[in-house]
file query23.txt (compact mmCIF, C-alpha atoms)
# COMPACT_ATOMS: atom_id res chain seq x y z
CA MET A 1418 75.67 152.08 106.64
CA MET A 1419 77.71 150.25 109.29
CA GLU A 1420 76.42 146.95 107.99
CA THR A 1421 77.43 147.79 104.42
CA LEU A 1422 80.86 148.81 105.61
CA HIS A 1423 81.17 145.62 107.58
CA ARG A 1424 80.14 143.54 104.60
CA TYR A 1425 82.19 145.31 101.94
CA GLY A 1426 85.02 146.89 103.92
CA PRO A 1427 87.46 143.98 103.50
CA ASP A 1428 86.74 143.78 99.74
CA LEU A 1429 87.34 147.48 99.32
CA LEU A 1430 90.58 147.23 101.25
CA THR A 1431 91.75 144.30 99.12
CA GLY A 1432 90.74 146.32 96.08
CA PHE A 1433 92.90 149.22 97.19
CA GLY A 1434 95.72 146.73 97.73
CA PHE A 1435 95.41 145.62 94.11
CA THR A 1436 95.31 149.26 93.00
CA LEU A 1437 98.56 149.93 94.83
CA LEU A 1438 100.14 146.69 93.61
CA SER A 1439 99.33 147.25 89.94
CA TRP A 1440 100.41 150.89 90.19
CA ALA A 1441 103.74 150.06 91.87
CA LEU A 1442 104.56 147.18 89.53
CA GLY A 1443 103.34 149.05 86.46
CA THR A 1444 105.45 152.10 87.31
CA VAL A 1445 108.63 150.22 88.20
CA LEU A 1446 108.44 147.78 85.28
CA GLY A 1447 107.34 150.53 82.90
CA LEU A 1448 110.27 152.69 83.93
CA ALA A 1449 112.64 149.74 83.55
CA LEU A 1450 111.29 148.86 80.11
CA GLY A 1451 111.36 152.52 79.09
CA PHE A 1452 114.97 152.73 80.20
CA VAL A 1453 115.92 149.62 78.21
CA ILE A 1454 114.16 150.98 75.12
CA GLU A 1455 115.88 154.33 75.44
CA ILE A 1456 119.31 152.71 75.87
CA ALA A 1457 118.61 150.50 72.84
CA ARG A 1458 117.64 153.56 70.81
CA ARG A 1459 120.74 155.46 71.89
CA PHE A 1460 123.39 152.74 71.73
CA GLY A 1461 121.81 150.00 69.60
CA PRO A 1462 121.94 149.65 65.83
CA ARG A 1463 120.37 152.50 63.90
CA ALA A 1464 117.79 150.17 62.36
CA LEU A 1465 116.13 149.90 65.79
CA GLY A 1466 115.12 153.55 65.63
CA TYR A 1467 112.08 153.06 63.38
CA PRO A 1468 110.39 150.18 65.20
CA ILE A 1469 110.95 151.96 68.51
CA ARG A 1470 109.41 155.14 67.16
CA ALA A 1471 106.45 153.21 65.79
CA TYR A 1472 105.99 151.53 69.18
CA VAL A 1473 106.08 154.81 71.06
CA GLU A 1474 103.74 156.54 68.61
CA PHE A 1475 101.29 153.65 68.68
CA ILE A 1476 101.14 153.47 72.46
CA ARG A 1477 100.90 157.21 72.88
CA GLY A 1478 98.35 157.64 70.11
CA THR A 1479 95.81 155.07 71.27
CA PRO A 1480 93.63 154.97 74.40
CA PHE A 1481 94.86 152.86 77.29
CA LEU A 1482 91.48 151.16 77.45
CA VAL A 1483 91.77 149.91 73.86
CA GLN A 1484 95.32 148.70 74.52
CA LEU A 1485 94.02 146.70 77.47
CA PHE A 1486 91.26 145.19 75.32
CA VAL A 1487 93.78 144.18 72.65
CA LEU A 1488 96.00 142.59 75.28
CA TYR A 1489 93.36 140.88 77.40
CA TYR A 1490 90.73 139.86 74.86
CA GLY A 1491 92.93 139.73 71.76
CA GLY A 1492 95.95 138.15 73.42
CA PRO A 1493 94.58 134.60 73.58
CA LEU A 1494 94.32 134.54 69.77
CA ILE A 1495 98.09 134.76 69.54
CA GLY A 1496 98.65 132.45 72.50
CA LEU A 1497 99.01 135.15 75.16
CA ARG A 1498 96.59 133.85 77.78
CA LEU A 1499 96.80 136.03 80.87
CA ASP A 1500 94.64 136.47 83.94
CA ALA A 1501 93.12 139.88 84.47
CA LEU A 1502 95.66 141.11 87.03
CA PRO A 1503 98.85 140.13 85.13
CA ALA A 1504 97.28 141.45 81.91
CA GLY A 1505 96.51 144.74 83.66
CA ILE A 1506 100.03 145.05 85.05
CA LEU A 1507 101.55 144.17 81.67
CA GLY A 1508 99.25 146.75 80.06
CA LEU A 1509 100.35 149.44 82.52
CA THR A 1510 103.99 148.46 81.93
CA ILE A 1511 103.72 148.77 78.16
CA TYR A 1512 101.69 151.98 78.38
CA GLY A 1513 104.11 153.51 80.88
CA SER A 1514 107.23 152.43 78.99
CA ALA A 1515 106.33 154.52 75.93
CA TYR A 1516 105.90 157.68 78.00
CA PHE A 1517 108.87 157.00 80.26
CA THR A 1518 111.08 156.44 77.20
CA GLU A 1519 110.21 159.88 75.88
CA ILE A 1520 110.84 161.51 79.27
CA LEU A 1521 114.19 159.74 79.58
CA ARG A 1522 115.12 160.74 76.05
CA ALA A 1523 114.55 164.41 76.81
CA GLY A 1524 116.49 163.97 80.06
CA PHE A 1525 119.45 162.29 78.36
CA ASP A 1526 119.44 164.93 75.60
CA ALA A 1527 119.87 167.56 78.29
CA VAL A 1528 123.10 165.99 79.58
CA PRO A 1529 125.93 168.27 78.40
CA LEU A 1530 127.85 166.54 75.62
CA GLY A 1531 131.16 167.70 77.04
CA GLN A 1532 130.66 165.59 80.16
CA ILE A 1533 130.14 162.45 78.09
CA GLU A 1534 133.11 163.24 75.87
CA ALA A 1535 135.28 163.92 78.90
CA ALA A 1536 134.26 160.58 80.43
CA ARG A 1537 135.02 158.82 77.16
CA ALA A 1538 138.37 160.64 76.89
CA ILE A 1539 139.53 159.34 80.26
CA GLY A 1540 138.53 155.84 79.20
CA PHE A 1541 135.11 155.15 80.79
CA ARG A 1542 133.21 152.25 79.28
CA ASN A 1543 129.71 152.86 77.87
CA THR A 1544 128.03 151.21 80.86
CA THR A 1545 130.00 153.37 83.26
CA ILE A 1546 129.20 156.50 81.27
CA VAL A 1547 125.49 155.69 81.41
CA MET A 1548 125.33 154.69 85.06
CA ARG A 1549 127.81 157.17 86.56
CA ILE A 1550 127.46 160.23 84.32
CA MET A 1551 124.27 160.22 82.27
CA VAL A 1552 121.75 158.76 84.72
CA PRO A 1553 122.61 161.00 87.70
CA VAL A 1554 122.67 164.16 85.57
CA MET A 1555 119.51 163.15 83.73
CA MET A 1556 117.63 162.41 86.96
CA VAL A 1557 117.83 166.03 87.99
CA SER A 1558 116.14 167.41 84.90
CA ALA A 1559 113.77 164.49 84.23
CA LEU A 1560 112.58 163.85 87.78
CA PRO A 1561 109.61 166.25 87.78
CA ALA A 1562 108.28 164.70 84.57
CA LEU A 1563 108.88 161.16 85.86
CA VAL A 1564 107.08 161.87 89.13
CA ASN A 1565 104.28 163.56 87.25
CA PHE A 1566 103.78 160.57 84.99
CA ALA A 1567 103.89 158.14 87.90
CA ILE A 1568 101.00 160.15 89.38
CA ILE A 1569 99.11 160.01 86.08
CA LEU A 1570 99.53 156.22 86.14
CA THR A 1571 97.72 156.05 89.50
CA LYS A 1572 94.65 157.41 87.81
CA GLU A 1573 94.98 154.98 84.92
CA THR A 1574 94.77 152.01 87.31
CA VAL A 1575 91.00 152.49 87.66
CA ILE A 1576 90.70 151.63 83.96
CA LEU A 1577 91.91 148.13 84.87
CA SER A 1578 88.43 147.59 86.35
CA MET A 1579 87.15 147.42 82.75
CA ILE A 1580 89.01 144.13 82.24
CA THR A 1581 87.78 142.85 85.63
CA VAL A 1582 90.96 143.39 87.63
CA PRO A 1583 89.61 143.35 91.21
CA GLU A 1584 91.00 146.78 92.14
CA ILE A 1585 89.14 149.43 94.10
CA MET A 1586 86.94 150.70 91.27
CA PHE A 1587 85.86 147.15 90.42
CA GLN A 1588 85.07 146.41 94.07
CA THR A 1589 83.09 149.63 94.39
CA GLN A 1590 81.09 148.80 91.28
CA THR A 1591 80.36 145.31 92.61
CA MET A 1592 79.19 146.85 95.86
CA MET A 1593 77.05 149.38 94.01
CA SER A 1594 75.31 146.75 91.93
CA GLU A 1595 74.63 144.56 94.97
CA THR A 1596 73.37 147.27 97.33
CA PHE A 1597 71.65 149.46 94.72
CA ALA A 1598 73.33 152.46 96.31
CA PHE A 1599 75.07 154.34 93.54
CA VAL A 1600 75.65 157.98 94.36
CA THR A 1601 77.27 157.80 97.79
CA PRO A 1602 79.88 155.11 97.00
CA ILE A 1603 81.04 156.76 93.79
CA LEU A 1604 81.30 160.17 95.47
CA ILE A 1605 83.25 158.68 98.36
CA LEU A 1606 85.53 156.92 95.88
CA ALA A 1607 86.08 160.25 94.09
CA LEU A 1608 86.97 162.01 97.36
CA PHE A 1609 89.19 159.10 98.35
CA PHE A 1610 91.11 159.29 95.10
CA TRP A 1611 91.41 163.06 95.39
CA GLY A 1612 93.02 162.69 98.80
CA PHE A 1613 95.24 159.85 97.61
CA ILE A 1614 96.53 161.82 94.59
CA GLU A 1615 97.07 164.96 96.66
CA THR A 1616 99.09 162.94 99.14
CA ILE A 1617 101.36 161.31 96.59
CA SER A 1618 101.79 164.60 94.70
CA ARG A 1619 102.97 166.20 97.91
CA PHE A 1620 105.35 163.31 98.47
CA GLY A 1621 106.51 163.62 94.85
CA ARG A 1622 107.24 167.33 95.25
CA ARG A 1623 109.30 166.59 98.36
CA LEU A 1624 111.26 163.97 96.42
CA GLU A 1625 111.90 166.48 93.64
CA ARG A 1626 113.16 169.05 96.11
CA ARG A 1627 115.55 166.53 97.61
CA PHE A 1628 117.09 165.81 94.23
CA THR A 1629 117.15 169.35 92.88
CA HIS A 1630 117.43 171.62 95.91
CA TYR A 1631 120.93 172.72 95.05
CA LEU A 1632 119.74 173.79 91.59
CA ILE A 1633 116.96 175.88 93.03
CA ASP A 1634 119.26 177.45 95.61
CA ARG A 1635 121.70 178.51 92.94
CA THR A 1636 119.27 180.35 90.70
CA MET B 846 94.67 133.13 62.04
CA PHE B 847 94.68 136.88 61.78
CA SER B 848 91.71 137.76 59.63
CA PHE B 849 91.98 140.96 57.65
CA GLN B 850 88.57 140.24 56.17
CA THR B 851 86.94 140.84 59.57
CA ILE B 852 88.61 144.23 59.77
CA ILE B 853 87.59 145.17 56.24
CA ASP B 854 84.01 144.05 56.82
CA ASN B 855 83.56 146.03 60.02
CA PHE B 856 85.68 149.05 59.26
CA PRO B 857 82.84 151.28 57.95
CA VAL B 858 80.82 150.71 61.13
CA LEU B 859 83.80 151.56 63.32
CA LEU B 860 84.47 154.69 61.31
CA GLY B 861 80.83 155.68 61.70
CA ALA B 862 81.19 155.40 65.47
CA ALA B 863 84.22 157.68 65.27
CA ARG B 864 81.75 160.54 64.81
CA TYR B 865 80.84 160.30 68.47
CA THR B 866 84.47 160.11 69.52
CA LEU B 867 85.14 163.32 67.60
CA LEU B 868 81.94 164.98 68.80
CA ILE B 869 82.72 164.31 72.45
CA SER B 870 86.37 165.32 72.28
CA VAL B 871 85.86 168.48 70.19
CA LEU B 872 82.85 169.72 72.18
CA GLY B 873 84.65 168.77 75.40
CA CYS B 874 87.69 170.76 74.30
CA ILE B 875 85.62 173.85 73.42
CA GLU B 876 83.74 173.65 76.71
CA GLY B 877 87.05 173.14 78.47
CA LEU B 878 88.54 176.22 76.83
CA ILE B 879 85.63 178.48 77.78
CA LEU B 880 85.42 177.18 81.35
CA GLY B 881 89.20 177.01 81.57
CA ALA B 882 89.49 180.70 80.65
CA LEU B 883 87.04 181.57 83.45
CA ILE B 884 88.90 179.42 85.96
CA CYS B 885 92.20 180.89 84.86
CA ALA B 886 90.78 184.39 85.34
CA ALA B 887 89.64 183.36 88.81
CA ALA B 888 93.05 181.90 89.59
CA LEU B 889 94.69 185.23 88.73
CA SER B 890 92.06 187.39 90.40
CA PRO B 891 93.02 189.68 93.29
CA LYS B 892 90.23 188.20 95.40
CA LEU B 893 91.52 185.44 97.65
CA TRP B 894 88.31 183.38 97.73
CA LEU B 895 88.21 183.26 93.93
CA ARG B 896 91.78 182.02 93.82
CA ARG B 897 90.96 179.39 96.44
CA CYS B 898 87.94 178.18 94.44
CA ALA B 899 89.98 177.93 91.25
CA ALA B 900 92.73 176.00 93.02
CA LEU B 901 90.16 173.64 94.54
CA TYR B 902 88.51 173.06 91.17
CA VAL B 903 91.78 172.31 89.39
CA SER B 904 92.97 170.04 92.17
CA PHE B 905 89.71 168.09 92.25
CA PHE B 906 89.31 167.52 88.53
CA ARG B 907 92.96 166.65 88.08
CA GLY B 908 93.01 164.42 91.14
CA VAL B 909 90.02 162.22 90.39
CA PRO B 910 90.24 159.71 87.53
CA LEU B 911 87.95 160.62 84.63
CA LEU B 912 86.28 157.20 84.80
CA ILE B 913 85.09 157.97 88.34
CA GLN B 914 84.00 161.47 87.31
CA LEU B 915 81.94 160.05 84.45
CA LEU B 916 80.20 157.48 86.65
CA ALA B 917 79.62 160.06 89.38
CA ALA B 918 78.00 162.44 86.90
CA TYR B 919 75.96 159.61 85.40
CA TYR B 920 74.55 158.53 88.75
CA LEU B 921 74.45 161.92 90.44
CA LEU B 922 72.67 164.07 87.82
CA PRO B 923 69.31 162.23 87.93
CA VAL B 924 69.36 162.29 91.74
CA ILE B 925 69.65 166.07 91.87
CA GLY B 926 66.85 166.32 89.32
CA ILE B 927 68.79 166.89 86.11
CA ASN B 928 67.65 164.45 83.48
CA VAL B 929 69.84 164.74 80.44
CA PRO B 930 70.81 162.15 77.82
CA ALA B 931 74.02 160.22 78.58
CA LEU B 932 75.74 161.95 75.66
CA VAL B 933 75.16 165.40 77.17
CA ALA B 934 76.34 164.23 80.58
CA ALA B 935 79.46 162.72 79.01
CA VAL B 936 80.34 165.87 77.04
CA LEU B 937 79.75 168.02 80.13
CA THR B 938 81.96 165.83 82.32
CA VAL B 939 84.76 165.54 79.77
CA GLY B 940 84.63 169.33 79.37
CA LEU B 941 84.70 169.95 83.13
CA CYS B 942 87.76 167.76 83.39
CA ALA B 943 89.47 169.36 80.39
CA ALA B 944 88.79 172.81 81.88
CA ALA B 945 91.03 172.02 84.83
CA TYR B 946 93.95 171.12 82.56
CA LEU B 947 93.31 173.95 80.09
CA ALA B 948 93.09 176.52 82.89
CA GLU B 949 96.67 175.59 83.81
CA VAL B 950 97.72 175.76 80.14
CA LEU B 951 96.20 179.23 79.78
CA ARG B 952 97.77 180.39 83.02
CA GLY B 953 101.15 179.29 81.75
CA SER B 954 100.74 181.13 78.45
CA LEU B 955 99.41 184.27 80.15
CA ASN B 956 102.62 184.40 82.16
CA ALA B 957 104.52 184.54 78.87
CA ILE B 958 102.74 187.74 77.78
CA PRO B 959 104.70 190.86 78.76
CA LYS B 960 103.06 192.60 81.72
CA GLY B 961 103.36 195.97 79.97
CA GLN B 962 100.64 195.02 77.49
CA ALA B 963 97.89 194.67 80.09
CA GLU B 964 99.15 197.79 81.87
CA ALA B 965 99.20 199.77 78.64
CA ALA B 966 95.68 198.61 77.80
CA ALA B 967 94.49 199.65 81.25
CA ALA B 968 96.31 202.97 80.92
CA ILE B 969 94.51 203.92 77.72
CA GLY B 970 91.24 203.20 79.51
CA MET B 971 90.20 199.71 78.42
CA ALA B 972 87.83 198.00 80.81
CA PRO B 973 89.27 194.92 82.58
CA ARG B 974 86.92 192.72 80.57
CA ASP B 975 88.17 194.20 77.29
CA VAL B 976 91.75 193.74 78.37
CA TRP B 977 90.99 190.04 78.84
CA VAL B 978 88.97 189.48 75.70
CA ARG B 979 90.97 191.64 73.31
CA ILE B 980 94.54 191.60 74.60
CA LEU B 981 95.26 188.66 76.86
CA LEU B 982 93.10 185.74 75.72
CA PRO B 983 93.88 185.85 71.98
CA GLN B 984 97.59 185.84 72.70
CA ALA B 985 97.29 183.19 75.39
CA LEU B 986 95.45 180.95 72.94
CA LYS B 987 98.18 181.45 70.37
CA ILE B 988 101.05 180.81 72.78
CA GLY B 989 99.24 177.85 74.31
CA LEU B 990 98.27 176.30 70.97
CA PRO B 991 100.67 173.33 71.12
CA ALA B 992 99.46 172.48 74.62
CA ILE B 993 95.82 172.91 73.59
CA VAL B 994 96.27 170.58 70.60
CA ASN B 995 97.92 168.13 72.96
CA GLU B 996 94.92 168.34 75.28
CA LEU B 997 92.60 167.66 72.34
CA ILE B 998 94.59 164.50 71.56
CA LEU B 999 94.35 163.46 75.21
CA LEU B 1000 90.59 164.03 75.01
CA VAL B 1001 90.26 161.81 71.93
CA LYS B 1002 91.90 159.06 73.94
CA ALA B 1003 89.96 159.85 77.11
CA SER B 1004 86.68 159.72 75.18
CA SER B 1005 87.10 155.94 75.05
CA LEU B 1006 86.05 155.95 78.71
CA VAL B 1007 82.55 157.20 77.95
CA THR B 1008 81.74 153.58 77.05
CA VAL B 1009 80.89 153.17 80.74
CA VAL B 1010 77.87 155.42 80.36
CA GLY B 1011 76.78 153.55 77.26
CA ILE B 1012 77.64 155.88 74.39
CA VAL B 1013 78.42 153.96 71.25
CA GLU B 1014 81.68 155.54 70.14
CA ILE B 1015 84.65 153.66 68.68
CA THR B 1016 85.52 151.61 71.77
CA ARG B 1017 81.94 150.62 72.63
CA MET B 1018 81.24 149.77 69.01
CA SER B 1019 84.36 147.63 68.81
CA GLN B 1020 83.25 145.83 71.97
CA SER B 1021 79.94 144.85 70.39
CA ILE B 1022 81.55 143.85 67.10
CA ALA B 1023 84.20 141.82 68.93
CA ALA B 1024 81.46 140.06 70.90
CA ALA B 1025 79.48 139.33 67.74
CA THR B 1026 82.33 138.16 65.52
CA TYR B 1027 84.57 136.47 68.14
CA ARG B 1028 87.53 138.33 66.63
CA PRO B 1029 88.61 140.66 69.46
CA LEU B 1030 92.24 140.96 68.37
CA GLU B 1031 91.45 142.22 64.87
CA ILE B 1032 88.62 144.51 65.92
CA TYR B 1033 90.41 146.14 68.86
CA LEU B 1034 93.54 146.63 66.76
CA ALA B 1035 91.42 148.25 64.04
CA ALA B 1036 89.89 150.52 66.68
CA ALA B 1037 93.36 151.39 67.96
CA PHE B 1038 94.51 152.34 64.47
CA ILE B 1039 91.47 154.58 63.95
CA TYR B 1040 92.36 156.42 67.16
CA LEU B 1041 95.96 156.64 66.01
CA ALA B 1042 94.92 158.05 62.63
CA ILE B 1043 92.66 160.67 64.26
CA ASN B 1044 95.45 161.74 66.59
CA LEU B 1045 98.06 161.93 63.85
CA VAL B 1046 95.71 164.13 61.79
CA ILE B 1047 95.05 166.41 64.77
CA ALA B 1048 98.77 166.67 65.54
CA GLN B 1049 99.55 167.53 61.92
CA ALA B 1050 96.73 170.09 61.76
CA GLY B 1051 98.08 171.61 64.95
CA ARG B 1052 101.54 171.95 63.44
CA ILE B 1053 100.15 173.63 60.32
CA LEU B 1054 98.03 176.00 62.40
CA GLU B 1055 101.03 176.83 64.55
CA ARG B 1056 103.10 177.72 61.49
CA ARG B 1057 100.28 179.92 60.18
CA LEU B 1058 99.97 181.81 63.44
CA THR B 1059 103.65 182.49 64.04
CA VAL B 1060 104.66 185.41 61.87
call {"tool": "encode", "arguments": {"input": "query23.txt", "output": "structure tokens"}}
result
Amino acid sequence: MMETLHRYGPDLLTGFGFTLLSWALGTVLGLALGFVIEIARRFGPRALGYPIRAYVEFIRGTPFLVQLFVLYYGGPLIGLRLDALPAGILGLTIYGSAYFTEILRAGFDAVPLGQIEAARAIGFRNTTIVMRIMVPVMMVSALPALVNFAIILTKETVILSMITVPEIMFQTQTMMSETFAFVTPILILALFFWGFIETISRFGRRLERRFTHYLIDRT
Amino acid sequence: MFSFQTIIDNFPVLLGAARYTLLISVLGCIEGLILGALICAAALSPKLWLRRCAALYVSFFRGVPLLIQLLAAYYLLPVIGINVPALVAAVLTVGLCAAAYLAEVLRGSLNAIPKGQAEAAAAIGMAPRDVWVRILLPQALKIGLPAIVNELILLVKASSLVTVVGIVEITRMSQSIAAATYRPLEIYLAAAFIYLAINLVIAQAGRILERRLTV
């Protein structure tokens, strides 16, 4: 047991590092891309609406695993030659952007129209309206859904192991196939993930409370 | 060059594999509903230990990625002396996971049913079990229908993960075809569109059913 841990401990730790890295980058870039898409849908030419809807429907209607396969194994055919890790992060970004866009859309829809009209009436530019009025108001209503989806993305990172990204699941599977011990490692990994998700959910709930505490106090 | 011919040639085989995708997601959803109703009942029970167990169950199955659950079941079952085909293990695991989500869905819809109904049913002498089966569950299913349809769509997508235990559904089939034809882009895109079509049909069926049920 100690020997196995000594032999594979560093690999597992590196694996967890890659899990965290791909999750963090995937979430941040996905949110950024989702924001750009939503702004384009809201303020761009009307013709953009259909391709954006098709994009969102396609990403949300197909399994993440298949999207990764298209990107990683199909990409080279159209000149997109990526290593496993960048492909995985790009996959998470694209996958996340479609969901984040929808969450942001609902959030922006909930911003009272009067506030936007008032801002426009006193001469705010579009950028100012978005950054100073819409985003802060939207954050309050959309934050729980955003946090929730960021947590869902943590669980999706294990799927990156299927395209050989060396994250924790991949490292565990390597260890399992080399030591012929299957049950204990996978159960430990399950418990580890359970604890990890519980921790970040708790952190997420605290973040939500910080942003919305005045709403809860009022009602 | 993008080869449509490859897609056309292999499409029937991929569609055939879609049977397993549907089988796993539909059976998983049914299992999830039955188990989910039990867990939901436990979560609302007056007994503290039952509530604790339900909370633990939901937290575990929602906190562990399905891929890990599938592998754990695949390796664990034979060790504890249960030898079942991979397909059965996969359906069971998918259902166990769905149960955690559906229990929450049902709990949400039960909260939307006026309290007076259960009280009235109890007042005219219905047994607690009858109150559940005849009054609460049918309405909870109706109120929760959009969320349940949504869960079914999630399950169709999640079923792609059962490739790790070797079941030849759409994703696994597309892997072998891609390996044999050297046309991964076309084949995986075709697989993606089959998933998309299945999900669009389910979503539409859900909307029709919803309209039927709301008077």
call {"tool": "residues_around", "arguments": {"input": "query23.txt", "residues": "segment 1025-1027 of chain B", "least_positions_apart": "2", "cutoff": "12 Å", "atoms": "all atoms listed in the file", "output": "NGL selection string"}}
result
(:A and (1490-1491 or 1493-1494)) or (:B and (847-848 or 850-852 or 854-855 or 1018-1023 or 1029-1033))
call {"tool": "write_last_selection", "arguments": {"input": "query23.txt", "atoms": "C-alpha atoms", "output": "PDB file, in the coordinates of the input"}}
result
ATOM      1  CA  TYR A1490      90.730 139.860  74.860  1.00  0.00           C
ATOM      2  CA  GLY A1491      92.930 139.730  71.760  1.00  0.00           C
ATOM      3  CA  PRO A1493      94.580 134.600  73.580  1.00  0.00           C
ATOM      4  CA  LEU A1494      94.320 134.540  69.770  1.00  0.00           C
TER       5      LEU A1494
ATOM      6  CA  PHE B 847      94.680 136.880  61.780  1.00  0.00           C
ATOM      7  CA  SER B 848      91.710 137.760  59.630  1.00  0.00           C
ATOM      8  CA  GLN B 850      88.570 140.240  56.170  1.00  0.00           C
ATOM      9  CA  THR B 851      86.940 140.840  59.570  1.00  0.00           C
ATOM     10  CA  ILE B 852      88.610 144.230  59.770  1.00  0.00           C
ATOM     11  CA  ASP B 854      84.010 144.050  56.820  1.00  0.00           C
ATOM     12  CA  ASN B 855      83.560 146.030  60.020  1.00  0.00           C
ATOM     13  CA  MET B1018      81.240 149.770  69.010  1.00  0.00           C
ATOM     14  CA  SER B1019      84.360 147.630  68.810  1.00  0.00           C
ATOM     15  CA  GLN B1020      83.250 145.830  71.970  1.00  0.00           C
ATOM     16  CA  SER B1021      79.940 144.850  70.390  1.00  0.00           C
ATOM     17  CA  ILE B1022      81.550 143.850  67.100  1.00  0.00           C
ATOM     18  CA  ALA B1023      84.200 141.820  68.930  1.00  0.00           C
ATOM     19  CA  PRO B1029      88.610 140.660  69.460  1.00  0.00           C
ATOM     20  CA  LEU B1030      92.240 140.960  68.370  1.00  0.00           C
ATOM     21  CA  GLU B1031      91.450 142.220  64.870  1.00  0.00           C
ATOM     22  CA  ILE B1032      88.620 144.510  65.920  1.00  0.00           C
ATOM     23  CA  TYR B1033      90.410 146.140  68.860  1.00  0.00           C
TER      24      TYR B1033
END
call {"tool": "closest_residue", "arguments": {"input": "query23.txt", "among": "B:Arg864, B:Leu986, B:Leu1041, B:Leu880", "to": "Ile998 of chain B", "atoms": "all atoms listed in the file"}}
result
B:Leu1041
call {"tool": "atom_distance", "arguments": {"input": "query23.txt", "atom1": "atom CA of Gly1492 of chain A", "atom2": "atom CA of Ala1003 of chain B"}}
result
22.8 Å
call {"tool": "residues_around", "arguments": {"input": "query23.txt", "residues": "Ala945 of chain B", "least_positions_apart": "2", "cutoff": "12 Å", "atoms": "all atoms listed in the file", "output": "VMD selection string"}}
result
chain B and resid 873 to 874 876 to 885 888 898 to 909 911 938 to 943 947 to 952 996
call {"tool": "write_last_selection", "arguments": {"input": "query23.txt", "atoms": "C-alpha atoms", "output": "PDB file, keeping the file's coordinate frame"}}
result
ATOM      1  CA  GLY B 873      84.650 168.770  75.400  1.00  0.00           C
ATOM      2  CA  CYS B 874      87.690 170.760  74.300  1.00  0.00           C
ATOM      3  CA  GLU B 876      83.740 173.650  76.710  1.00  0.00           C
ATOM      4  CA  GLY B 877      87.050 173.140  78.470  1.00  0.00           C
ATOM      5  CA  LEU B 878      88.540 176.220  76.830  1.00  0.00           C
ATOM      6  CA  ILE B 879      85.630 178.480  77.780  1.00  0.00           C
ATOM      7  CA  LEU B 880      85.420 177.180  81.350  1.00  0.00           C
ATOM      8  CA  GLY B 881      89.200 177.010  81.570  1.00  0.00           C
ATOM      9  CA  ALA B 882      89.490 180.700  80.650  1.00  0.00           C
ATOM     10  CA  LEU B 883      87.040 181.570  83.450  1.00  0.00           C
ATOM     11  CA  ILE B 884      88.900 179.420  85.960  1.00  0.00           C
ATOM     12  CA  CYS B 885      92.200 180.890  84.860  1.00  0.00           C
ATOM     13  CA  ALA B 888      93.050 181.900  89.590  1.00  0.00           C
ATOM     14  CA  CYS B 898      87.940 178.180  94.440  1.00  0.00           C
ATOM     15  CA  ALA B 899      89.980 177.930  91.250  1.00  0.00           C
ATOM     16  CA  ALA B 900      92.730 176.000  93.020  1.00  0.00           C
ATOM     17  CA  LEU B 901      90.160 173.640  94.540  1.00  0.00           C
ATOM     18  CA  TYR B 902      88.510 173.060  91.170  1.00  0.00           C
ATOM     19  CA  VAL B 903      91.780 172.310  89.390  1.00  0.00           C
ATOM     20  CA  SER B 904      92.970 170.040  92.170  1.00  0.00           C
ATOM     21  CA  PHE B 905      89.710 168.090  92.250  1.00  0.00           C
ATOM     22  CA  PHE B 906      89.310 167.520  88.530  1.00  0.00           C
ATOM     23  CA  ARG B 907      92.960 166.650  88.080  1.00  0.00           C
ATOM     24  CA  GLY B 908      93.010 164.420  91.140  1.00  0.00           C
ATOM     25  CA  VAL B 909      90.020 162.220  90.390  1.00  0.00           C
ATOM     26  CA  LEU B 911      87.950 160.620  84.630  1.00  0.00           C
ATOM     27  CA  THR B 938      81.960 165.830  82.320  1.00  0.00           C
ATOM     28  CA  VAL B 939      84.760 165.540  79.770  1.00  0.00           C
ATOM     29  CA  GLY B 940      84.630 169.330  79.370  1.00  0.00           C
ATOM     30  CA  LEU B 941      84.700 169.950  83.130  1.00  0.00           C
ATOM     31  CA  CYS B 942      87.760 167.760  83.390  1.00  0.00           C
ATOM     32  CA  ALA B 943      89.470 169.360  80.390  1.00  0.00           C
ATOM     33  CA  LEU B 947      93.310 173.950  80.090  1.00  0.00           C
ATOM     34  CA  ALA B 948      93.090 176.520  82.890  1.00  0.00           C
ATOM     35  CA  GLU B 949      96.670 175.590  83.810  1.00  0.00           C
ATOM     36  CA  VAL B 950      97.720 175.760  80.140  1.00  0.00           C
ATOM     37  CA  LEU B 951      96.200 179.230  79.780  1.00  0.00           C
ATOM     38  CA  ARG B 952      97.770 180.390  83.020  1.00  0.00           C
ATOM     39  CA  GLU B 996      94.920 168.340  75.280  1.00  0.00           C
TER      40      GLU B 996
END
call {"tool": "interface_residues", "arguments": {"input": "query23.txt", "of": "chain A", "to": "chain B", "cutoff": "7 Å", "atoms": "all atoms listed in the file", "output": "ChimeraX atom specification"}}
result
/A:1475,1478-1480,1482-1483,1486-1487,1490-1492,1494,1572,1599-1600,1603-1604,1607,1610-1611,1614-1615
call {"tool": "axis_aligned_box", "arguments": {"input": "query23.txt", "around": "segment 890-895 of chain B", "padding_each_side": "4 Å", "output": "JSON"}}
result
{"center_x": 90.6, "center_y": 186.5, "center_z": 94.1, "size_x": 12.8, "size_y": 14.4, "size_z": 15.3}
call {"tool": "atom_distance", "arguments": {"input": "query23.txt", "atom1": "atom CA of Ile1617 of chain A", "atom2": "atom CA of Ile1568 of chain A"}}
result
7.3 Å
call {"tool": "atom_distance", "arguments": {"input": "query23.txt", "atom1": "atom CA of Asp1428 of chain A", "atom2": "atom CA of Leu1497 of chain A"}}
result
28.8 Å
